[in-house]
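Colleague: You'll find input_29.txt just under this line, and it carries compact mmCIF, N, CA and C atoms.
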# COMPACT_ATOMS: atom_id res chain seq x y z
N MET Q 1 -17.75 2.00 0.12
CA MET Q 1 -16.30 1.95 0.10
C MET Q 1 -15.83 0.59 -0.41
N PRO Q 2 -14.86 0.58 -1.31
CA PRO Q 2 -14.35 -0.70 -1.83
C PRO Q 2 -13.36 -1.33 -0.86
N LYS Q 3 -13.28 -2.65 -0.89
CA LYS Q 3 -12.22 -3.36 -0.17
C LYS Q 3 -10.95 -3.20 -0.98
N ILE Q 4 -9.85 -3.03 -0.28
CA ILE Q 4 -8.58 -2.92 -0.97
C ILE Q 4 -8.22 -4.29 -1.53
N ARG Q 5 -7.89 -4.30 -2.80
CA ARG Q 5 -7.66 -5.55 -3.53
C ARG Q 5 -6.16 -5.82 -3.66
N PHE Q 6 -5.71 -6.91 -3.06
CA PHE Q 6 -4.31 -7.29 -3.14
C PHE Q 6 -4.12 -8.53 -4.00
N SER Q 7 -5.13 -9.38 -4.04
CA SER Q 7 -5.04 -10.54 -4.92
C SER Q 7 -5.53 -10.13 -6.29
N SER Q 8 -5.01 -10.75 -7.28
CA SER Q 8 -5.35 -10.50 -8.68
C SER Q 8 -5.21 -9.03 -9.10
N LEU Q 9 -4.13 -8.40 -8.63
CA LEU Q 9 -3.84 -7.05 -9.11
C LEU Q 9 -3.45 -7.11 -10.57
N PRO Q 10 -3.75 -6.07 -11.33
CA PRO Q 10 -3.24 -6.02 -12.70
C PRO Q 10 -1.71 -6.14 -12.67
N ARG Q 11 -1.16 -6.86 -13.60
CA ARG Q 11 0.27 -7.15 -13.62
C ARG Q 11 1.13 -5.88 -13.53
N SER Q 12 0.76 -4.83 -14.24
CA SER Q 12 1.55 -3.60 -14.23
C SER Q 12 1.61 -2.97 -12.83
N ILE Q 13 0.51 -3.01 -12.09
CA ILE Q 13 0.49 -2.48 -10.73
C ILE Q 13 1.35 -3.35 -9.83
N TRP Q 14 1.19 -4.66 -9.92
CA TRP Q 14 1.96 -5.58 -9.08
C TRP Q 14 3.46 -5.38 -9.31
N GLU Q 15 3.88 -5.28 -10.57
CA GLU Q 15 5.30 -5.08 -10.88
C GLU Q 15 5.81 -3.76 -10.32
N HIS Q 16 5.00 -2.70 -10.42
CA HIS Q 16 5.40 -1.39 -9.89
C HIS Q 16 5.56 -1.45 -8.38
N VAL Q 17 4.59 -2.03 -7.67
CA VAL Q 17 4.67 -2.11 -6.21
C VAL Q 17 5.89 -2.93 -5.79
N LEU Q 18 6.13 -4.06 -6.42
CA LEU Q 18 7.29 -4.89 -6.08
C LEU Q 18 8.60 -4.14 -6.34
N ALA Q 19 8.66 -3.41 -7.43
CA ALA Q 19 9.87 -2.63 -7.74
C ALA Q 19 10.12 -1.58 -6.67
N ARG Q 20 9.06 -0.91 -6.20
CA ARG Q 20 9.23 0.11 -5.17
C ARG Q 20 9.63 -0.51 -3.83
N VAL Q 21 9.10 -1.68 -3.51
CA VAL Q 21 9.48 -2.38 -2.27
C VAL Q 21 10.98 -2.66 -2.30
N GLU Q 22 11.47 -3.17 -3.43
CA GLU Q 22 12.89 -3.48 -3.56
C GLU Q 22 13.73 -2.20 -3.55
N GLU Q 23 13.34 -1.23 -4.36
CA GLU Q 23 14.08 0.03 -4.48
C GLU Q 23 14.18 0.76 -3.15
N ARG Q 24 13.13 0.72 -2.37
CA ARG Q 24 13.08 1.47 -1.12
C ARG Q 24 13.46 0.62 0.08
N GLN Q 25 13.93 -0.58 -0.19
CA GLN Q 25 14.48 -1.49 0.81
C GLN Q 25 13.54 -1.71 2.00
N ILE Q 26 12.30 -2.06 1.70
CA ILE Q 26 11.32 -2.38 2.72
C ILE Q 26 11.70 -3.72 3.32
N THR Q 27 11.79 -3.79 4.64
CA THR Q 27 12.27 -5.00 5.32
C THR Q 27 11.20 -6.08 5.38
N LEU Q 28 11.64 -7.30 5.63
CA LEU Q 28 10.72 -8.43 5.77
C LEU Q 28 9.77 -8.19 6.94
N GLN Q 29 10.27 -7.62 8.02
CA GLN Q 29 9.41 -7.30 9.17
C GLN Q 29 8.31 -6.33 8.78
N ASP Q 30 8.67 -5.31 7.99
CA ASP Q 30 7.67 -4.35 7.52
C ASP Q 30 6.65 -5.03 6.62
N LEU Q 31 7.11 -5.93 5.77
CA LEU Q 31 6.18 -6.64 4.88
C LEU Q 31 5.25 -7.54 5.66
N ARG Q 32 5.70 -8.07 6.77
CA ARG Q 32 4.82 -8.88 7.63
C ARG Q 32 3.72 -8.02 8.23
N ARG Q 33 4.05 -6.80 8.63
CA ARG Q 33 3.02 -5.89 9.15
C ARG Q 33 2.00 -5.57 8.07
N LEU Q 34 2.48 -5.37 6.84
CA LEU Q 34 1.58 -5.14 5.72
C LEU Q 34 0.69 -6.36 5.50
N GLN Q 35 1.25 -7.55 5.57
CA GLN Q 35 0.48 -8.77 5.36
C GLN Q 35 -0.61 -8.92 6.42
N GLU Q 36 -0.31 -8.60 7.67
CA GLU Q 36 -1.32 -8.67 8.74
C GLU Q 36 -2.47 -7.71 8.43
N TRP Q 37 -2.14 -6.52 7.97
CA TRP Q 37 -3.16 -5.54 7.64
C TRP Q 37 -4.01 -6.02 6.46
N VAL Q 38 -3.35 -6.56 5.44
CA VAL Q 38 -4.06 -7.09 4.27
C VAL Q 38 -5.01 -8.21 4.69
N ASN Q 39 -4.55 -9.10 5.56
CA ASN Q 39 -5.37 -10.23 6.02
C ASN Q 39 -6.60 -9.78 6.79
N ALA Q 40 -6.56 -8.56 7.33
CA ALA Q 40 -7.72 -8.02 8.06
C ALA Q 40 -8.82 -7.53 7.11
N GLY Q 41 -8.54 -7.51 5.80
CA GLY Q 41 -9.55 -7.10 4.81
C GLY Q 41 -9.88 -5.63 4.85
N PRO Q 42 -8.88 -4.75 4.74
CA PRO Q 42 -9.14 -3.31 4.87
C PRO Q 42 -10.02 -2.74 3.76
N TRP Q 43 -10.73 -1.68 4.12
CA TRP Q 43 -11.58 -0.93 3.18
C TRP Q 43 -10.89 0.37 2.85
N ALA Q 44 -11.13 0.88 1.67
CA ALA Q 44 -10.53 2.13 1.24
C ALA Q 44 -11.62 3.13 0.85
N PRO Q 45 -11.32 4.40 1.06
CA PRO Q 45 -12.26 5.41 0.57
C PRO Q 45 -12.18 5.47 -0.95
N ASP Q 46 -13.20 6.02 -1.58
CA ASP Q 46 -13.12 6.27 -3.02
C ASP Q 46 -12.00 7.28 -3.25
N GLY Q 47 -11.31 7.15 -4.33
CA GLY Q 47 -10.24 8.09 -4.64
C GLY Q 47 -8.92 7.68 -4.01
N ASP Q 48 -8.00 8.63 -3.90
CA ASP Q 48 -6.65 8.36 -3.41
C ASP Q 48 -6.63 8.19 -1.91
N TRP Q 49 -5.77 7.29 -1.43
CA TRP Q 49 -5.63 7.01 0.00
C TRP Q 49 -4.19 6.59 0.29
N TYR Q 50 -3.86 6.58 1.59
CA TYR Q 50 -2.57 6.04 2.02
C TYR Q 50 -2.69 5.44 3.41
N LYS Q 51 -1.82 4.49 3.69
CA LYS Q 51 -1.75 3.84 5.00
C LYS Q 51 -0.30 3.96 5.45
N ASP Q 52 -0.10 4.63 6.59
CA ASP Q 52 1.24 4.84 7.14
C ASP Q 52 1.59 3.68 8.07
N PHE Q 53 2.65 2.96 7.74
CA PHE Q 53 3.11 1.85 8.56
C PHE Q 53 4.30 2.25 9.42
N GLY Q 54 4.60 3.53 9.49
CA GLY Q 54 5.72 4.01 10.30
C GLY Q 54 7.01 4.10 9.51
N SER Q 55 7.48 2.98 9.01
CA SER Q 55 8.74 2.98 8.25
C SER Q 55 8.52 3.07 6.75
N PHE Q 56 7.28 2.91 6.31
CA PHE Q 56 6.92 3.08 4.90
C PHE Q 56 5.45 3.43 4.80
N ILE Q 57 5.04 3.91 3.65
CA ILE Q 57 3.66 4.31 3.41
C ILE Q 57 3.18 3.62 2.14
N LEU Q 58 2.03 2.96 2.24
CA LEU Q 58 1.40 2.36 1.07
C LEU Q 58 0.37 3.34 0.55
N CYS Q 59 0.44 3.67 -0.74
CA CYS Q 59 -0.52 4.59 -1.36
C CYS Q 59 -1.34 3.84 -2.39
N GLY Q 60 -2.60 4.25 -2.52
CA GLY Q 60 -3.46 3.60 -3.50
C GLY Q 60 -4.56 4.52 -3.97
N SER Q 61 -5.41 3.96 -4.81
CA SER Q 61 -6.56 4.68 -5.32
C SER Q 61 -7.70 3.69 -5.45
N GLY Q 62 -8.80 3.97 -4.74
CA GLY Q 62 -9.92 3.03 -4.75
C GLY Q 62 -9.48 1.68 -4.21
N GLU Q 63 -9.80 0.64 -4.96
CA GLU Q 63 -9.50 -0.71 -4.46
C GLU Q 63 -8.06 -1.17 -4.70
N PHE Q 64 -7.25 -0.37 -5.41
CA PHE Q 64 -5.91 -0.81 -5.77
C PHE Q 64 -4.80 -0.08 -5.01
N PRO Q 65 -3.84 -0.84 -4.42
CA PRO Q 65 -2.61 -0.20 -3.96
C PRO Q 65 -1.84 0.22 -5.21
N LYS Q 66 -1.12 1.34 -5.13
CA LYS Q 66 -0.44 1.86 -6.32
C LYS Q 66 1.07 1.97 -6.17
N THR Q 67 1.55 2.36 -4.97
CA THR Q 67 2.99 2.53 -4.79
C THR Q 67 3.35 2.49 -3.31
N VAL Q 68 4.64 2.43 -3.06
CA VAL Q 68 5.18 2.39 -1.71
C VAL Q 68 6.14 3.56 -1.57
N LEU Q 69 5.98 4.35 -0.50
CA LEU Q 69 6.85 5.47 -0.21
C LEU Q 69 7.68 5.18 1.03
N THR Q 70 8.84 5.79 1.14
CA THR Q 70 9.61 5.67 2.36
C THR Q 70 9.20 6.75 3.34
N LYS Q 71 9.54 6.54 4.61
CA LYS Q 71 9.23 7.53 5.64
C LYS Q 71 9.83 8.87 5.22
N GLY Q 72 9.07 9.92 5.38
CA GLY Q 72 9.52 11.24 5.01
C GLY Q 72 9.05 11.70 3.64
N MET Q 73 8.61 10.76 2.79
CA MET Q 73 8.05 11.14 1.50
C MET Q 73 6.60 11.55 1.73
N ALA Q 74 6.11 12.49 0.95
CA ALA Q 74 4.76 13.01 1.15
C ALA Q 74 3.73 12.12 0.46
N PRO Q 75 2.80 11.53 1.24
CA PRO Q 75 1.74 10.73 0.62
C PRO Q 75 0.65 11.63 0.05
N PHE Q 76 -0.21 11.03 -0.75
CA PHE Q 76 -1.33 11.77 -1.32
C PHE Q 76 -2.61 11.06 -0.92
N GLY Q 77 -3.71 11.78 -0.90
CA GLY Q 77 -5.01 11.19 -0.59
C GLY Q 77 -5.37 11.26 0.88
N THR Q 78 -6.33 10.42 1.26
CA THR Q 78 -6.86 10.35 2.60
C THR Q 78 -6.15 9.26 3.40
N GLY Q 79 -5.70 9.60 4.60
CA GLY Q 79 -5.08 8.60 5.47
C GLY Q 79 -6.14 7.63 5.98
N ILE Q 80 -5.80 6.32 6.02
CA ILE Q 80 -6.72 5.32 6.54
C ILE Q 80 -6.05 4.54 7.65
N GLU Q 81 -6.87 3.94 8.49
CA GLU Q 81 -6.36 3.13 9.61
C GLU Q 81 -6.17 1.71 9.22
Once more with this new file: its structure as structure tokens, please.
Modeller:
Amino acid sequence: MPKIRFSSLPRSIWEHVLARVEERQITLQDLRRLQEWVNAGPWAPDGDWYKDFGSFILCGSGEFPKTVLTKGMAPFGTGIE
């Protein structure tokens, strides 16, 4: 299983994730919870995955986060802790 990669993301992915954070009005408190999770060095399954933070969902594929969904939007892939 690959570690989820948050540093040195390809520019296009980073810009997409930041745009979705702004568009979906993810709060600073929510981003802090994401940062704590990132600092723990999470692992991802091969293929598509998602992590539900309660008020938003982070979706990715392999080692890369790909987008941010709001609560109530349907994630794709395997849920991870």
Colleague: What lies within 8 Å of Asp30 in chain Q using all atoms listed in the file, ignoring chain neighbours under 4 positions off, as a PyMOL selection string?
Modeller: chain Q and resi 26+34-36+53+55-56
Colleague: Could you tell me which of Q:Lys3, Q:Arg20, Q:Thr27, Q:Arg32 comes closest to Leu69 in chain Q if we count all atoms listed in the file?
Modeller: Q:Arg20
Colleague: Taking the DSSP assignment computed from this structure's backbone, write out as a list in words all residues of chain Q that belong to helix (DSSP H, G or I).
Modeller: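 After running DSSP on the backbone, chain Q has helix (DSSP H, G or I) at Arg11, Ser12, Ile13, Trp14, Glu15, His16, Val17, Leu18, Ala19, Arg20, Val21, Glu22, Glu23, Leu28, Gln29, Asp30, Leu31, Arg32, Arg33, Leu34, Gln35, Glu36, Trp37, Val38 and Asn39 of chain Q.
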Colleague: With distances taken over only C-alpha atoms, which of Q:Ala44, Q:Glu81, Q:Leu28, Q:Ala19 is nearest to Pro65 in chain Q?
Modeller: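 Closest to Pro65 in chain Q, using only C-alpha atoms: Q:Ala44.
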Colleague: Can you list, as a ChimeraX atom specification, every protein, DNA or RNA residue that comes within 10 Å of Gly47 in chain Q when you count only C-alpha atoms, leaving out same-chain residues fewer than 3 positions away?
Modeller: /Q:1,44,60-64,77-78
Colleague: Please identify which residues in chain Q DSSP calls strand (DSSP E) from the backbone, and express them as a ChimeraX atom specification.
Modeller: /Q:48-52,56-61,64-70,78-79
Colleague: Using only C-alpha atoms, can you tell me which of Q:Thr67, Q:Gly54, Q:Gln29, Q:Trp49 comes closest to Ile80 in chain Q?
Modeller: Q:Trp49
Colleague: Just how far from CA of Trp43 in chain Q is CA of Gln25 in chain Q, in Å to one decimal?
Modeller: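 For CA of Gln25 in chain Q relative to CA of Trp43 in chain Q, the distance reads 26.2 Å.
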Colleague: Here is a test: counting only C-alpha atoms, which residue of Q:Leu18, Q:Arg24, Q:Ile4, Q:Asp46 is nearest to Met73 in chain Q?
Modeller: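 Ranking Q:Leu18, Q:Arg24, Q:Ile4, Q:Asp46 by distance to Met73 in chain Q, first place goes to Q:Arg24.
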Colleague: For Ser12 in chain Q, work out the shell of residues within 10 Å, counting only C-alpha atoms and skipping chain neighbours fewer than 4 positions away, then give it as a CSV table (one decimal) with N, CA and C atoms, in the coordinates of the input.
Modeller:
chain,number,residue,atom,x,y,z
Q,16,HIS,N,5.0,-2.7,-10.4
Q,16,HIS,CA,5.4,-1.4,-9.9
Q,16,HIS,C,5.6,-1.4,-8.4
Q,17,VAL,N,4.6,-2.0,-7.7
Q,17,VAL,CA,4.7,-2.1,-6.2
Q,17,VAL,C,5.9,-2.9,-5.8
Q,66,LYS,N,-1.1,1.3,-5.1
Q,66,LYS,CA,-0.4,1.9,-6.3
Q,66,LYS,C,1.1,2.0,-6.2
Colleague: Edge lengths and centre, in Å to one decimal, as JSON: that's what I need for the box along x, y and z that holds all listed atoms of range 2-18 of chain Q plus 3 Å on each side.
Modeller:
{"center_x": -3.1, "center_y": -5.1, "center_z": -7.2, "size_x": 29.5, "size_y": 17.3, "size_z": 20.1}
Colleague: Figure out the distance between atom C of Tyr50 in chain Q and atom C of Phe76 in chain Q, please, to one decimal in Å.
Modeller: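 Interatomic distance here is 7.1 Å.
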Colleague: Please measure the separation of CA of Pro45 in chain Q and CA of Glu22 in chain Q, giving the value in Å to one decimal.
Modeller: 27.0 Å
Colleague: Which residue out of Q:Arg5, Q:Asn39, Q:Gly79, Q:Gly72 has the minimum interatomic distance to Lys51 in chain Q when all atoms listed in the file are used?
Modeller: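 Among the listed residues, Q:Gly79 lies closest to Lys51 in chain Q.
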